[in-house]
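Colleague: Got my_file-v3.txt for you, compact mmCIF, C-alpha atoms:
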# COMPACT_ATOMS: atom_id res chain seq x y z
CA MET A 1 -11.49 17.83 3.00
CA GLY A 2 -12.99 16.49 -0.20
CA GLY A 3 -16.72 16.69 -0.69
CA LEU A 4 -19.01 14.75 -2.97
CA GLY A 5 -17.20 14.05 -6.20
CA CYS A 6 -13.93 15.59 -4.97
CA LYS A 7 -10.85 13.52 -4.36
CA GLN A 8 -8.51 14.53 -1.60
CA MET A 9 -4.98 15.37 -2.76
CA PHE A 10 -2.29 13.89 -0.55
CA GLY A 11 1.18 15.26 0.12
CA LYS A 12 4.26 13.46 -1.13
CA ALA A 13 4.61 9.87 -2.29
CA LEU A 14 8.12 8.42 -2.25
CA ILE A 15 8.64 5.52 -4.69
CA ILE A 16 11.70 3.45 -3.88
CA GLU A 17 12.30 1.09 -6.79
CA ASP A 18 15.45 0.14 -8.72
CA ASP A 19 13.66 -0.43 -12.05
CA ARG A 20 13.14 2.91 -13.81
CA ASP A 21 10.25 1.59 -15.90
CA VAL A 22 8.42 0.50 -12.75
CA GLN A 23 9.19 3.90 -11.17
CA ARG A 24 7.65 5.68 -14.15
CA ALA A 25 4.59 3.41 -14.19
CA ALA A 26 3.95 4.04 -10.50
CA ARG A 27 4.45 7.79 -10.96
CA VAL A 28 1.94 7.86 -13.82
CA ALA A 29 -0.61 5.91 -11.77
CA LEU A 30 -0.25 8.16 -8.71
CA THR A 31 -0.10 11.51 -10.54
CA GLY A 32 -3.12 13.59 -9.64
CA HIS A 33 -3.49 11.88 -6.26
CA PHE A 34 -0.29 13.19 -4.63
CA ALA A 35 1.03 16.76 -4.74
CA ALA A 36 4.59 15.51 -5.23
CA ILE A 37 6.09 12.19 -6.27
CA GLU A 38 9.76 11.52 -5.60
CA LEU A 39 11.71 8.60 -7.05
CA ALA A 40 14.64 6.76 -5.51
CA GLU A 41 16.53 3.69 -6.72
CA SER A 42 17.45 2.49 -3.22
CA ALA A 43 16.68 3.15 0.42
CA ALA A 44 20.20 4.44 1.11
CA ARG A 45 19.17 8.00 2.02
CA LEU A 46 15.80 7.50 3.69
CA ASP A 47 16.47 10.04 6.41
CA GLN A 48 16.94 12.75 3.75
CA TRP A 49 13.80 11.90 1.74
CA LEU A 50 11.26 11.43 4.50
CA ASP A 51 9.61 14.53 5.92
CA ALA A 52 6.28 15.70 7.34
CA GLU A 53 4.88 16.08 3.80
CA THR A 54 5.46 12.40 2.97
CA ASP A 55 2.13 10.56 3.18
CA LEU A 56 3.20 7.32 1.49
CA VAL A 57 6.23 5.20 0.68
CA LEU A 58 5.85 2.69 -2.13
CA LEU A 59 8.76 0.35 -1.47
CA ASP A 60 10.25 -2.38 -3.64
CA MET A 61 11.19 -5.55 -1.76
CA ASN A 62 14.36 -6.33 -3.73
CA PHE A 63 17.05 -3.89 -4.92
CA ALA A 64 19.66 -6.23 -6.38
CA PHE A 65 19.31 -8.13 -9.65
CA GLY A 66 18.45 -11.76 -8.98
CA GLN A 67 17.49 -11.05 -5.36
CA HIS A 68 14.08 -12.45 -4.39
CA SER A 69 14.15 -12.83 -0.59
CA GLY A 70 12.55 -9.47 0.22
CA ARG A 71 15.19 -8.76 2.88
CA ASP A 72 16.12 -5.39 1.33
CA GLY A 73 12.54 -4.19 1.56
CA LEU A 74 12.00 -5.52 5.08
CA ASN A 75 15.20 -3.82 6.25
CA ALA A 76 14.13 -0.52 4.66
CA LEU A 77 10.67 -0.91 6.20
CA ALA A 78 12.25 -1.27 9.65
CA ARG A 79 14.28 1.91 9.09
CA ILE A 80 11.20 3.84 7.93
CA ARG A 81 9.24 2.69 11.00
CA VAL A 82 12.00 4.09 13.22
CA ILE A 83 12.16 7.42 11.36
CA ASP A 84 8.35 7.91 11.18
CA PRO A 85 6.13 5.27 12.83
CA ALA A 86 2.98 7.00 11.48
CA LEU A 87 4.09 6.80 7.85
CA SER A 88 2.34 4.14 5.77
CA VAL A 89 4.52 1.89 3.64
CA VAL A 90 3.14 -0.21 0.79
CA LEU A 91 5.57 -2.94 -0.24
CA MET A 92 5.73 -4.23 -3.80
CA THR A 93 7.40 -7.18 -5.47
CA ALA A 94 7.17 -9.39 -8.50
CA TYR A 95 8.16 -12.36 -6.34
CA GLY A 96 5.40 -12.37 -3.77
CA SER A 97 4.57 -15.11 -1.38
CA VAL A 98 2.02 -15.35 1.37
CA ALA A 99 4.80 -15.78 3.95
CA LEU A 100 6.59 -12.63 2.75
CA ALA A 101 3.37 -10.62 2.78
CA VAL A 102 2.55 -11.78 6.31
CA GLU A 103 6.07 -10.93 7.49
CA ALA A 104 5.82 -7.45 5.92
CA LEU A 105 2.46 -6.79 7.57
CA LYS A 106 3.78 -8.00 10.93
CA GLN A 107 6.65 -5.55 10.63
CA GLY A 108 4.29 -2.65 10.04
CA ALA A 109 3.64 -2.43 6.30
CA ALA A 110 0.27 -0.90 5.47
CA ASP A 111 -0.24 -3.17 2.48
CA PHE A 112 1.49 -5.34 -0.11
CA VAL A 113 1.06 -5.23 -3.91
CA LEU A 114 2.32 -7.57 -6.58
CA LYS A 115 3.93 -6.34 -9.80
CA PRO A 116 2.56 -5.96 -12.37
CA TRP A 117 -0.39 -4.16 -10.81
CA ARG A 118 -3.55 -2.66 -12.22
CA ASN A 119 -3.33 1.13 -11.89
CA ASP A 120 -6.76 1.49 -10.26
CA GLU A 121 -5.78 -1.09 -7.62
CA LEU A 122 -2.46 0.64 -6.94
CA VAL A 123 -4.23 4.00 -6.58
CA THR A 124 -6.84 2.54 -4.21
CA THR A 125 -4.13 0.93 -2.07
CA ALA A 126 -1.93 4.06 -2.09
CA ARG A 127 -4.80 6.39 -1.19
CA ALA A 128 -5.95 4.14 1.68
CA ALA A 129 -2.40 3.98 3.03
CA ALA A 130 -1.96 7.76 2.76
CA GLU A 131 -5.25 8.23 4.59
CA CYS A 132 -3.93 6.01 7.40
CA THR A 133 -0.79 8.16 7.58
CA ARG A 134 -2.87 11.29 7.91
CA ALA A 135 -5.13 9.70 10.52
CA ALA A 136 -2.17 8.50 12.58
CA ARG A 137 -0.50 11.90 12.42
CA ALA A 138 -3.71 13.64 13.41
CA GLY A 139 -3.84 11.44 16.48
CA ARG A 140 -7.04 9.82 15.39
CA SER A 141 -7.29 6.12 15.92
CA LEU A 142 -8.99 4.01 13.32
CA ASP A 143 -11.18 1.49 15.03
CA LEU A 144 -10.93 -2.15 14.07
CA ASP A 145 -14.44 -2.28 12.59
CA ALA A 146 -13.69 0.65 10.27
CA LEU A 147 -10.46 -0.99 9.12
CA GLU A 148 -12.21 -4.31 8.53
CA ARG A 149 -15.00 -2.63 6.53
CA ARG A 150 -12.46 -0.72 4.43
CA ALA A 151 -10.46 -3.90 3.75
CA ILE A 152 -13.62 -5.73 2.65
CA GLU A 153 -14.69 -2.84 0.42
CA GLN A 154 -11.25 -2.69 -1.18
CA ALA A 155 -11.11 -6.44 -1.77
CA LEU A 156 -14.57 -6.42 -3.34
CA GLN A 157 -13.62 -3.48 -5.54
CA GLN A 158 -10.31 -5.01 -6.59
CA HIS A 159 -12.03 -8.29 -7.47
CA ARG A 160 -15.02 -6.60 -9.17
CA GLY A 161 -17.51 -7.99 -6.67
CA ASN A 162 -16.34 -11.60 -7.01
CA ILE A 163 -16.98 -12.97 -3.51
CA SER A 164 -14.77 -16.05 -3.92
CA SER A 165 -11.77 -14.02 -5.09
CA ALA A 166 -12.28 -11.31 -2.46
CA ALA A 167 -12.61 -13.92 0.30
CA GLU A 168 -9.41 -15.62 -0.85
CA ALA A 169 -7.55 -12.28 -0.95
CA LEU A 170 -8.70 -11.53 2.60
CA GLY A 171 -7.81 -15.03 3.84
CA LEU A 172 -11.45 -15.79 4.66
CA SER A 173 -13.94 -18.46 3.66
CA ARG A 174 -16.92 -17.33 1.58
CA PRO A 175 -19.35 -17.80 4.51
CA ALA A 176 -17.06 -15.79 6.80
CA LEU A 177 -16.91 -12.97 4.25
CA TYR A 178 -20.70 -12.99 3.86
CA ARG A 179 -21.08 -12.74 7.68
CA ARG A 180 -18.67 -9.82 7.85
CA MET A 181 -20.35 -8.09 4.91
CA ALA A 182 -23.71 -8.41 6.70
CA LYS A 183 -22.17 -7.08 9.92
CA HIS A 184 -21.00 -3.94 8.06
CA GLY A 185 -24.17 -3.55 5.97
CA LEU A 186 -22.39 -4.31 2.70
CA GLN A 187 -24.48 -5.82 -0.09
CA SER A 188 -23.27 -8.75 -2.15
Could you quickly redo this structure as C-alpha cells?

Modeller:
Amino acid sequence: MGGLGCKQMFGKALIIEDDRDVQRAARVALTGHFAAIELAESAARLDQWLDAETDLVLLDMNFAFGQHSGRDGLNALARIRVIDPALSVVLMTAYGSVALAVEALKQGAADFVLKPWRNDELVTTARAAAECTRAARAGRSLDLDALERRAIEQALQQHRGNISSAAEALGLSRPALYRRMAKHGLQS
C-alpha cells in the first residue's frame, strides 16, 4: 500500500498518558497518520482497549505526580507484551535516562521518546513502530540489516544529517556510523 507520494494510513494509535495537554499534543501530531486515535489516562483497562486494529501504543512511563522511576510504564509494557506480542509500544517520558531507555528496549519497547518532542520526530517514530506491528502480524520478519538501515536513516533525519549527533543517538562512534552508512549505501 502507498505508492510514490502517498503515505500509508495505519489503524489505531492508543495514547496512554495522564497529562491531557500531552495527550492532545500527541493526538494532533498523529492525526492523518492513524485512522483512529484513542486516549487513556492510565493503563488500567489495557485488555479492553487493545484489539487487532491497534497498530501502536504511545505509553507514558510515569502515571503518578512526582513519580520518575518509569516503573508504571515498564509494568504496562509487560502487560501489553502478554496481550499482543506483535504490537509496537513507544515509551515516552520527560525524565529519560539511558538506563531506563535500555531497560525499556530490553523489555520489548519499539522505541523511546523524550518529552517535549518535535512533532516530525514523533510521527517518524510512531510510523516506524506501526510498520513493525504490521510486519510482525503479517508474519514477515524484518532482517537485522533492514532494521539497522532504518535506524540509521531515522537518526540522520532526526538530527538533520549531523553525523556526530546521529552517532551519539545510536550509541556509535562517528567512524562506526560512517562504516555502517557505507555498508548500507547511505551518503553522508

Colleague: Taking a cut-off of 9 Å and counting all atoms listed in the file, can you build a table that, for each residue of range 83-175 of chain A near range 45-58 of chain A, reports the nearest atom pair and how far apart they are in Å (one decimal), sorted by chain then residue number, as a Markdown table?

Modeller:
| residue | atom | partner | partner_atom | distance |
| --- | --- | --- | --- | --- |
| A:Ile83 | CA | A:Asp47 | CA | 7.1 |
| A:Asp84 | CA | A:Leu50 | CA | 8.1 |
| A:Leu87 | CA | A:Asp55 | CA | 6.3 |
| A:Ser88 | CA | A:Leu56 | CA | 5.4 |
| A:Val89 | CA | A:Val57 | CA | 4.8 |
| A:Val90 | CA | A:Leu58 | CA | 4.9 |
| A:Leu91 | CA | A:Leu58 | CA | 5.9 |
| A:Met92 | CA | A:Leu58 | CA | 7.1 |
| A:Ala126 | CA | A:Leu56 | CA | 7.1 |
| A:Arg127 | CA | A:Leu56 | CA | 8.5 |
| A:Ala129 | CA | A:Leu56 | CA | 6.7 |
| A:Ala130 | CA | A:Asp55 | CA | 5.0 |
| A:Glu131 | CA | A:Asp55 | CA | 7.9 |
| A:Cys132 | CA | A:Asp55 | CA | 8.7 |
| A:Thr133 | CA | A:Asp55 | CA | 5.8 |
| A:Arg134 | CA | A:Asp55 | CA | 6.9 |

Colleague: Nearest to Ala128 in chain A among A:Met61, A:Phe10, A:Leu156, A:Leu100, with distances taken over all atoms listed in the file: which residue is it?

Modeller: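 Once distances to Ala128 in chain A are computed over all atoms listed in the file, the minimum belongs to A:Phe10.
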
Colleague: So what do you get for CA of Leu147 in chain A versus CA of Ala78 in chain A, distance-wise?

Modeller: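 Answer for the CA of Leu147 in chain A to CA of Ala78 in chain A separation: 22.7 Å.
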
Colleague: Which residues are close to range 20-29 of chain A, i.e. within 9 Å by only C-alpha atoms, leaving aside same-chain residues fewer than 4 positions away? Reply as a PDB file with C-alpha atoms, in the frame of the given file.

Modeller:
ATOM      1  CA  ALA A  13       4.610   9.870  -2.290  1.00  0.00           C
ATOM      2  CA  ILE A  15       8.640   5.520  -4.690  1.00  0.00           C
ATOM      3  CA  ILE A  16      11.700   3.450  -3.880  1.00  0.00           C
ATOM      4  CA  HIS A  33      -3.490  11.880  -6.260  1.00  0.00           C
ATOM      5  CA  ILE A  37       6.090  12.190  -6.270  1.00  0.00           C
ATOM      6  CA  GLU A  38       9.760  11.520  -5.600  1.00  0.00           C
ATOM      7  CA  LEU A  39      11.710   8.600  -7.050  1.00  0.00           C
ATOM      8  CA  ALA A  40      14.640   6.760  -5.510  1.00  0.00           C
ATOM      9  CA  GLU A  41      16.530   3.690  -6.720  1.00  0.00           C
ATOM     10  CA  LEU A  58       5.850   2.690  -2.130  1.00  0.00           C
ATOM     11  CA  LYS A 115       3.930  -6.340  -9.800  1.00  0.00           C
ATOM     12  CA  PRO A 116       2.560  -5.960 -12.370  1.00  0.00           C
ATOM     13  CA  ASN A 119      -3.330   1.130 -11.890  1.00  0.00           C
ATOM     14  CA  ASP A 120      -6.760   1.490 -10.260  1.00  0.00           C
ATOM     15  CA  LEU A 122      -2.460   0.640  -6.940  1.00  0.00           C
ATOM     16  CA  VAL A 123      -4.230   4.000  -6.580  1.00  0.00           C
TER      17      VAL A 123
END

Colleague: Counting only C-alpha atoms, which residue out of A:Ala176, A:Ala167, A:Phe63, A:Arg71 sits closest to Glu153 in chain A?

Modeller: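 Counting only C-alpha atoms, the residue closest to Glu153 in chain A is A:Ala167.
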
Colleague: Between A:Thr93, A:Gln107, A:Ser69, A:Asn75, which has the minimum distance to Asp19 in chain A (counting all atoms listed in the file)?

Modeller: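 Ranked by minimum distance to Asp19 in chain A, first place goes to A:Thr93.
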
Colleague: What does the distance between CA of Val102 in chain A and CA of Ala44 in chain A come to in Å, to one decimal place?

Modeller: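 Answer for the CA of Val102 in chain A to CA of Ala44 in chain A separation: 24.5 Å.
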
Colleague: In Å, how far is it from CA of Ala99 in chain A to CA of Ala86 in chain A?

Modeller: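 These two atoms are separated by 24.1 Å.
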
Colleague: Pick from A:Glu121, A:Leu186, A:Gly108, A:Ala146: nearest to Arg160 in chain A, with all atoms listed in the file counted?

Modeller: A:Glu121

Colleague: Would you kindly return, as a ChimeraX atom specification, each protein, DNA or RNA residue with an atom no farther than 12 Å from any atom of Ala169 in chain A, considering only C-alpha atoms and excluding same-chain residues fewer than 2 positions away?

Modeller: /A:98,101,112-113,151-159,162-167,171-174,177

Colleague: Using only C-alpha atoms, pick whichever of A:Ala110, A:Ala94, A:Ala135, A:Ala35 has the shortest atom-to-atom distance to Lys12 in chain A.

Modeller: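 Once distances to Lys12 in chain A are computed over only C-alpha atoms, the minimum belongs to A:Ala35.
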